[in-house]
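Chemist: Questions regarding the structure given below will be posed in turn.
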Amino acid sequence: MPKDADPKLWQKALKIHQKATVIDGHNDIPSPMVDEDFDLATNSVGKFHKDGDPFHTDLNRFKRSGITGEFFSIYVSGTDYQKGGKMRRAMDLIDATNREVEKHPNALVSCTTAGDIRRVKKQGKVCVLMGIEGGYVIENSLYALRNFYRLGIRYMTLTHNVSHDWADAHNDTPKNNGLSDFGKEVVREMNRLGMLVDISHVSVKTMSDVLDVSTAPIIASHSSARGVSNHTRNVPDDILKRVATNGGVIMINFYPAFLDERTNREQNERSARLKPQLDALREKHKDNPEAYNQAERELFSQNPIYMPSYTRVVDHIDHIKNVAGIDNVGIGSDYDGVPFLPAGMNGMEDLPLVTYEMLRRGYSEQDIRKVLGENFLRAFAKAEQVARIGSRKISGEGSLKKIKN
Ligand SMILES: [Zn+2]
């Protein structure tokens with residue numbers, strides 16, 4: 001409970017939260033599962049990432065979070081694996097995610113449909129869903145895209161932070177003026193399959209092209225509102241208005257540098273100011289990354305930056321509600337994909353704070369439930385329906401170019 005909270009209102013918020021079907025659009029825990037053999041059953045206290053930041057996710061905290069459906073991110077970096085291997089990396093992450101479900105059958109269930117999520121809510125378990133982050137993972141092949149669908153992937157973020165052969169990213173030089181013709185074909189094929197198109201990380205022109213092409217609702221699995229905080233990772237107002245017409249959902253990212261311009265600015269200024277010291281530490285600890293990370297953390301804690309409260313998340317929800325509508329906003333925390341969360345939040349267990357803050361600001365129970373999960377479920381079910389009724393034939397020409405060996 002927040003320090004200054006009204007205990008009655010807090011209890012009411014917890015009740016609403018527990019009753020709701022809660023969907024979180026983005027969690028990066030599969031990467032440490034592969035790289036650090038992270039086990040979800042491990043209590044995270046005292047256990048640290050290679051980069052020194054505490055984890056946000058584990059089985060115990062899933063229970064406290066109230067989350068019904070969590071999208072495990074099959075995230076592949078756009079700059080690693082330049083000479084191939086992106087698809088292999090995705091395969092490793094998908095296997096690691098499935099193994100966690102197999103290891104913990106009393107807590108986790110693999111889910112691929114809106115109906116699955118509804119059923120699992122009644123069982124009191126957590127639905128594990130998967131989304132690909134980085135469209136280059138399909139290595140320019142619609143054949144591969146279809147196989148990823150068969151493996152259970154239900155959304156694909158078209159880029160990460162780099163523009164690639166068929167889609168432009170938010171902070172990189174454009175290569176395709178948004179989506180290339182093949183990129184548009186990827187979107188159509190995703191519609192045909194019932195795989196949600198995710199506009200987090202893409203350029204504004206790519207967002208606009210996706211909205212021109214997609215016949216199904218789209219999502220931003222982990223992006224906030226540019227009208228509140230002017231960051232290229234956030235979604236601008238003109239796109240928000242179009243998402244309302246499209247029936248899609250913008251799922252709010254909790255990263256303070258996206259939530260608040262001041263945090264972003266001070267973080268950048270600090271990095272520039274401390275560069276000589278950081279370079280020296282990197283040199284000193286070049287054979288011991290853990291020691292470097294520890295030293296970096298100490299230096300950062302001696303040089304603190306502005307940290308917004310968790311209530312800033314609800315400022316973004318308010319904005320999207322005002323510009324697009326209450327039907328077009330959701331939750332996309334980015335747990336374990338970001339180094340820190342807003343003040344008051346340590347991990348997924350603190351998600352009920354968002355419900356409390358919405359209630360405190362006068363949101364109705366129905367509207368709170370929409371934000372927590374019902375909006376996503378509506379968009380997901382609609383995408384399934386578009387896939388079922390789609391008359392589009394499977395494309396025979398399945399790849400952008402022949403695979404070179
Ligand atoms: Zn991301």
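Identifiers in this document derive from the order of the structure tokens: chains are assigned A, B, ..., residues are numbered from 1 separately in each chain, and ligands are numbered from 1 in order of occurrence.
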Taking the DSSP assignment computed from this structure's backbone, write out as a PyMOL selection string all residues of region 126-368 of chain A that belong to strand (DSSP E).

Modeler: chain A and resi 126-133+153-157+196-198+219-220+249-252+329-331

Chemist: If the limit is 8 Å from any atom of ligand 1, counting only C-alpha atoms and all ligand atoms, which residues qualify? Return them as number ranges by chain.

Modeler: A: 26, 75, 133, 160, 200-201, 222, 334, 337

Chemist: Counting only C-alpha atoms, what is within 8 Å of Phe182 (chain A), bar same-chain residues fewer than 3 positions away, as a compact mmCIF listing (two decimals) with N, CA and C atoms, in the first residue's frame?

Modeler:
```
# COMPACT_ATOMS: atom_id res chain seq x y z
N TRP A 166 12.92 -4.28 -44.33
CA TRP A 166 11.55 -3.95 -44.73
C TRP A 166 10.78 -3.04 -43.78
N LEU A 179 7.29 1.27 -44.19
CA LEU A 179 7.28 -0.16 -44.55
C LEU A 179 7.57 -0.30 -46.04
N GLU A 185 3.47 -6.71 -47.07
CA GLU A 185 3.08 -8.11 -47.26
C GLU A 185 3.17 -8.87 -45.93
N VAL A 186 4.19 -8.55 -45.14
CA VAL A 186 4.33 -9.19 -43.81
C VAL A 186 3.10 -8.85 -42.95
N LEU A 400 11.58 -12.48 -49.29
CA LEU A 400 12.01 -11.25 -49.94
C LEU A 400 13.06 -11.54 -50.99
```

Chemist: Give me the residues within 12 Å of Gly325 (chain A) as a PyMOL selection string, counting only C-alpha atoms and dropping any in the same chain fewer than 2 places off.

Modeler: chain A and resi 237+240-250+317-323+327-330+367+370-371+375

Chemist: So which bits of region 172-322 of chain A end up helix (DSSP H, G or I) when you DSSP the backbone, as a PyMOL selection string?

Modeler: chain A and resi 181-193+204-213+237-246+256-259+261-273+275-284+289-302+311-322

Chemist: Between A:Arg99, A:Gly69, A:Gly78, A:Asp279, which is the closest to Arg118 (chain A) once you count only C-alpha atoms?

Modeler: A:Gly69

Chemist: Mind giving me the straight-line distance from CA of Asn234 (chain A) to CA of Ser77 (chain A) in Å, one decimal?

Modeler: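 Interatomic distance, CA of Asn234 (chain A) to CA of Ser77 (chain A): 19.4 Å.
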
Chemist: For the atom pair CA of Pro7 (chain A) and CA of Thr355 (chain A), what is the interatomic distance in Å to one decimal place?

Modeler: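 CA of Pro7 (chain A) sits 13.9 Å away from CA of Thr355 (chain A).
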
Chemist: Please provide the set of residues having any atom within 8 Å of Asp39 (chain A), restricted to only C-alpha atoms, with same-chain residues fewer than 3 positions apart removed, written as a list in words.

Modeler: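 So the residues in contact are Met33, Thr42, Asp58 and Glu100 of chain A.
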